[in-house]
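To keep things clear, I will list the structure first and then write my remarks on it.
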Amino acid sequence: MFLAISLFLVTLLFIIWQPRGLQIGTSAIIGACAALLLGVVSLSDVVEVTSIVWDATLAFIGIIILSMVLDEIGFFEWAALKMARLSGGNGHLMFIYILLLGALVSALFANDGAALILTPILLAKMKHLKMKPVAIFAFLMAGGFIGDSASNPLVISNLTNIVTAGYFGIGFFEYMRAMFLPNLLSIIASLGILWLFFRRSIPAHIDISTLAAPESVIKNHTMFKLSWWFLALLLAGYFVGDYLHMPVSVFALGGALIFLAIATYFKATKPLMTIKAAPWQVVWFSIGLYVVVWGLKNAGLTTYLSHAIIELQSYGNTAAVIGTGFLAALLSSVMNNMPTVMVMDIAIAEAGNTALAYANIIGCNLGPKMTPIGSLATLLWLHVLAQKGVKIGWGEYMKVGLIVTPPVLFIALLGLI
């Protein structure tokens, strides 16, 4: 147990610290190799882990490639300008509309897609509008929060969703039906609580007259029109795949590559640059970190967690749902939600109550917002902001996260009861 925990903590430290530019996937693979050499895991464990995460990882890559092509077309910038103009210059309405856009982007293109693509667009527009730093901070923090809190509705909305759905064999429609109300409550609670928290920082009026017309940022009008039809067909494809029991990555990655080919035909993108720019490190990150986490399972951590879940169940369904959700949230906030979702999935399976998988997902999607290290999306979000010259300290971040997250998490979990 000591060896497995120590190896995990060292690996996680290097993933967060990234000394001398060491990338997250490289650190995770080094940790996995160390786990194998030290006997914490076996080769058969590596094969089992790969069989669990391959679909989720390839689907995630597909979603990001699709998002990158849409970004090159000008799709997201068009949407951001539309929302800004729709507000009519009312700062509070703009705040709400931008959060709703973030929720939609997160639902369809995953929370990581929202962090990587939408964040720099919104930051550029806010600077263009000459917003004060306190207002920019409010919009950025709220946008970063909604990216995770609204990433529950579809299997494709978060890497944790895909992993858990695959682990328990939950279908696309079955998942969507179960998560509709919790996600709706999460969005409503997020909008209300974030507005209450930041209301004094939001300007009453914003001069939007200098903003470009939304249509002017579209770089390829043919692809822009085609993208709406393609996204509708892709969403329908997920349901067809669910009916045929096909892996979600067949449509997520397959659809992304088809869309990339269409965009290439219409000269809207450079395919080699797009594929090269895709976050391939996430592939190694997922497989490597999960191998290290499997060492914690072998050491007995999941057994302890399953006992805790069984104890919660003894107090009734409400206590089991709320307790499991908050347990997943707390673990995610200190050890990152990627390893947490795996150990909690295993523990829930051992406890014999697969219905709690949804509580685990909500906890792992919302809980990470309490700390800067809680999720891959947050790490990416902070990295994107740092590249743009905006640095948010741990104290600043946690002052918001620790206050806003618990009530939103509690309200979201009520939707499962």
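We name chains A, B, ... following the order of the structure tokens; residues begin at 1 in each chain, and ligands are numbered from 1 as shown.
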Quick one: residues within 10 Å of A:Leu327, only C-alpha atoms counted, chain neighbours fewer than 5 positions away excluded, as a ChimeraX atom specification? /A:305,308-309,321-322,332,340,344,359-360,363-364,367
Could you please take those selected residues and save C-alpha atoms as a PDB file, in the first residue's frame?
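What ended up in result-v6.pdb:
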ATOM      1  CA  LEU A 305     -13.779   2.707  -0.476  1.00  0.00           C
ATOM      2  CA  ALA A 308     -17.420   3.097   2.951  1.00  0.00           C
ATOM      3  CA  ILE A 309     -20.022   2.989   0.154  1.00  0.00           C
ATOM      4  CA  VAL A 321     -26.175   9.116  -3.417  1.00  0.00           C
ATOM      5  CA  ILE A 322     -25.170  12.292  -1.545  1.00  0.00           C
ATOM      6  CA  SER A 332     -11.099  14.474  -6.984  1.00  0.00           C
ATOM      7  CA  THR A 340     -10.682   9.203  -8.724  1.00  0.00           C
ATOM      8  CA  MET A 344     -14.545   4.918  -7.355  1.00  0.00           C
ATOM      9  CA  ALA A 359     -23.299  10.050  -8.312  1.00  0.00           C
ATOM     10  CA  ASN A 360     -19.628   9.262  -8.867  1.00  0.00           C
ATOM     11  CA  GLY A 363     -18.846  14.185  -7.856  1.00  0.00           C
ATOM     12  CA  CYS A 364     -15.861  13.741 -10.182  1.00  0.00           C
ATOM     13  CA  GLY A 367     -15.682  18.248  -7.023  1.00  0.00           C
TER      14      GLY A 367
END
DSSP-assigned alpha helix (DSSP H) among stretch 109-335 of chain A, expressed as a ChimeraX atom specification: /A:109-113,119-128,133-149,159-168,172-198,221-243,248-265,271-277,281-298,301-313,317-335
What's the 9 Å shell around A:Ala138, counting only C-alpha atoms, without same-chain residues fewer than 5 positions away, as a PDB file with N, CA and C atoms, in the first residue's frame?
ATOM      1  N   PHE A  95     -23.180  38.029 -18.830  1.00  0.00           N
ATOM      2  CA  PHE A  95     -22.620  37.030 -17.912  1.00  0.00           C
ATOM      3  C   PHE A  95     -23.395  35.718 -18.018  1.00  0.00           C
ATOM      4  N   PRO A 133     -10.081  44.438 -14.722  1.00  0.00           N
ATOM      5  CA  PRO A 133      -9.544  43.134 -14.309  1.00  0.00           C
ATOM      6  C   PRO A 133     -10.485  42.343 -13.410  1.00  0.00           C
ATOM      7  N   GLY A 143     -16.810  31.085 -16.199  1.00  0.00           N
ATOM      8  CA  GLY A 143     -16.745  30.271 -17.421  1.00  0.00           C
ATOM      9  C   GLY A 143     -16.019  28.968 -17.209  1.00  0.00           C
ATOM     10  N   LEU A 194     -23.165  31.466  -9.055  1.00  0.00           N
ATOM     11  CA  LEU A 194     -22.059  32.240  -9.630  1.00  0.00           C
ATOM     12  C   LEU A 194     -22.448  33.711  -9.784  1.00  0.00           C
ATOM     13  N   PHE A 197     -22.341  35.317  -6.385  1.00  0.00           N
ATOM     14  CA  PHE A 197     -20.965  35.475  -5.918  1.00  0.00           C
ATOM     15  C   PHE A 197     -20.259  36.636  -6.617  1.00  0.00           C
ATOM     16  N   PHE A 198     -20.500  36.778  -7.928  1.00  0.00           N
ATOM     17  CA  PHE A 198     -19.745  37.764  -8.711  1.00  0.00           C
ATOM     18  C   PHE A 198     -20.556  39.015  -9.075  1.00  0.00           C
ATOM     19  N   ARG A 199     -21.772  39.157  -8.579  1.00  0.00           N
ATOM     20  CA  ARG A 199     -22.661  40.223  -9.056  1.00  0.00           C
ATOM     21  C   ARG A 199     -22.058  41.621  -8.904  1.00  0.00           C
ATOM     22  N   SER A 201     -18.968  42.370  -9.194  1.00  0.00           N
ATOM     23  CA  SER A 201     -17.826  42.517 -10.115  1.00  0.00           C
ATOM     24  C   SER A 201     -18.264  42.686 -11.562  1.00  0.00           C
ATOM     25  N   ILE A 202     -19.540  42.408 -11.831  1.00  0.00           N
ATOM     26  CA  ILE A 202     -20.057  42.472 -13.205  1.00  0.00           C
ATOM     27  C   ILE A 202     -20.499  43.894 -13.524  1.00  0.00           C
TER      28      ILE A 202
END
Please produce, as CSV, a per-residue contact table for stretch 14-130 of chain A versus stretch 242-264 of chain A (criterion: any atom at most 10 Å away, only C-alpha atoms considered), showing the nearest atom pair and its distance in Å to one decimal, sorted by chain then residue number.
residue,atom,partner,partner_atom,distance
A:Trp54,CA,A:Ser249,CA,8.7
A:Asp55,CA,A:Ser249,CA,5.5
A:Ala56,CA,A:Ser249,CA,6.9
A:Thr57,CA,A:Ser249,CA,8.1
A:Leu58,CA,A:Ser249,CA,5.7
A:Ala59,CA,A:Ser249,CA,4.1
A:Phe60,CA,A:Ala252,CA,7.5
A:Ile61,CA,A:Leu253,CA,6.7
A:Gly62,CA,A:Leu253,CA,3.7
A:Ile63,CA,A:Ala252,CA,5.9
A:Ile64,CA,A:Ala256,CA,8.4
A:Ile65,CA,A:Ala256,CA,6.1
A:Leu66,CA,A:Ala256,CA,4.8
A:Ser67,CA,A:Ala256,CA,8.6
A:Met68,CA,A:Leu260,CA,9.4
A:Val69,CA,A:Leu260,CA,6.7
A:Leu70,CA,A:Ala263,CA,9.2
A:Glu72,CA,A:Ala263,CA,9.7
A:Ile73,CA,A:Ala263,CA,8.7
A:Phe109,CA,A:Ala252,CA,10.0
A:His128: which residues within 12 Å, counting only C-alpha atoms, same-chain residues fewer than 2 positions away excluded, as an mmCIF file with N, CA and C atoms, in the first residue's frame?
data_model
loop_
_atom_site.group_PDB
_atom_site.id
_atom_site.type_symbol
_atom_site.label_atom_id
_atom_site.label_comp_id
_atom_site.auth_asym_id
_atom_site.auth_seq_id
_atom_site.Cartn_x
_atom_site.Cartn_y
_atom_site.Cartn_z
ATOM 1 N N LEU A 81 -19.636 36.005 -30.135
ATOM 2 C CA LEU A 81 -20.083 37.336 -30.547
ATOM 3 C C LEU A 81 -21.608 37.429 -30.572
ATOM 4 N N ILE A 121 -10.927 32.743 -26.673
ATOM 5 C CA ILE A 121 -11.828 33.606 -27.449
ATOM 6 C C ILE A 121 -12.503 34.615 -26.526
ATOM 7 N N LEU A 122 -13.031 34.123 -25.392
ATOM 8 C CA LEU A 122 -13.709 35.011 -24.452
ATOM 9 C C LEU A 122 -12.748 36.022 -23.844
ATOM 10 N N LEU A 123 -11.532 35.575 -23.532
ATOM 11 C CA LEU A 123 -10.536 36.491 -22.961
ATOM 12 C C LEU A 123 -10.208 37.617 -23.941
ATOM 13 N N ALA A 124 -10.029 37.271 -25.204
ATOM 14 C CA ALA A 124 -9.721 38.275 -26.232
ATOM 15 C C ALA A 124 -10.860 39.287 -26.365
ATOM 16 N N LYS A 125 -12.107 38.804 -26.332
ATOM 17 C CA LYS A 125 -13.257 39.702 -26.477
ATOM 18 C C LYS A 125 -13.384 40.626 -25.261
ATOM 19 N N MET A 126 -13.133 40.101 -24.069
ATOM 20 C CA MET A 126 -13.244 40.921 -22.861
ATOM 21 C C MET A 126 -12.174 42.009 -22.836
ATOM 22 N N LYS A 130 -12.475 46.256 -23.146
ATOM 23 C CA LYS A 130 -11.833 47.050 -22.093
ATOM 24 C C LYS A 130 -12.493 46.861 -20.724
ATOM 25 N N MET A 131 -12.824 45.603 -20.419
ATOM 26 C CA MET A 131 -13.371 45.299 -19.106
ATOM 27 C C MET A 131 -12.288 45.455 -18.040
ATOM 28 N N LYS A 132 -12.706 45.807 -16.830
ATOM 29 C CA LYS A 132 -11.772 45.926 -15.717
ATOM 30 C C LYS A 132 -11.282 44.532 -15.305
ATOM 31 N N ILE A 136 -13.094 40.784 -15.660
ATOM 32 C CA ILE A 136 -12.486 39.699 -16.443
ATOM 33 C C ILE A 136 -12.314 38.458 -15.577
ATOM 34 N N ILE A 206 -22.006 47.355 -20.736
ATOM 35 C CA ILE A 206 -20.780 47.145 -21.512
ATOM 36 C C ILE A 206 -21.024 47.667 -22.923
ATOM 37 N N ASP A 207 -20.121 48.504 -23.402
ATOM 38 C CA ASP A 207 -20.251 49.056 -24.753
ATOM 39 C C ASP A 207 -19.841 47.984 -25.774
ATOM 40 N N ILE A 208 -20.825 47.443 -26.478
ATOM 41 C CA ILE A 208 -20.551 46.371 -27.443
ATOM 42 C C ILE A 208 -20.501 46.888 -28.883
ATOM 43 N N SER A 209 -20.551 48.211 -29.037
ATOM 44 C CA SER A 209 -20.602 48.781 -30.384
ATOM 45 C C SER A 209 -19.333 48.510 -31.190
ATOM 46 N N THR A 210 -18.216 48.275 -30.484
ATOM 47 C CA THR A 210 -16.948 48.050 -31.194
ATOM 48 C C THR A 210 -16.732 46.577 -31.577
ATOM 49 N N LEU A 211 -17.627 45.706 -31.118
ATOM 50 C CA LEU A 211 -17.479 44.286 -31.453
ATOM 51 C C LEU A 211 -17.738 44.055 -32.938
ATOM 52 N N ALA A 212 -17.009 43.131 -33.499
ATOM 53 C CA ALA A 212 -17.205 42.782 -34.905
ATOM 54 C C ALA A 212 -18.555 42.092 -35.089
#
Option closest in space to A:Ile193, from A:Asp71, A:Gly352, A:Asn336, A:Ala142 [counting only C-alpha atoms]: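 Selected residue with least distance to A:Ile193: A:Ala142.
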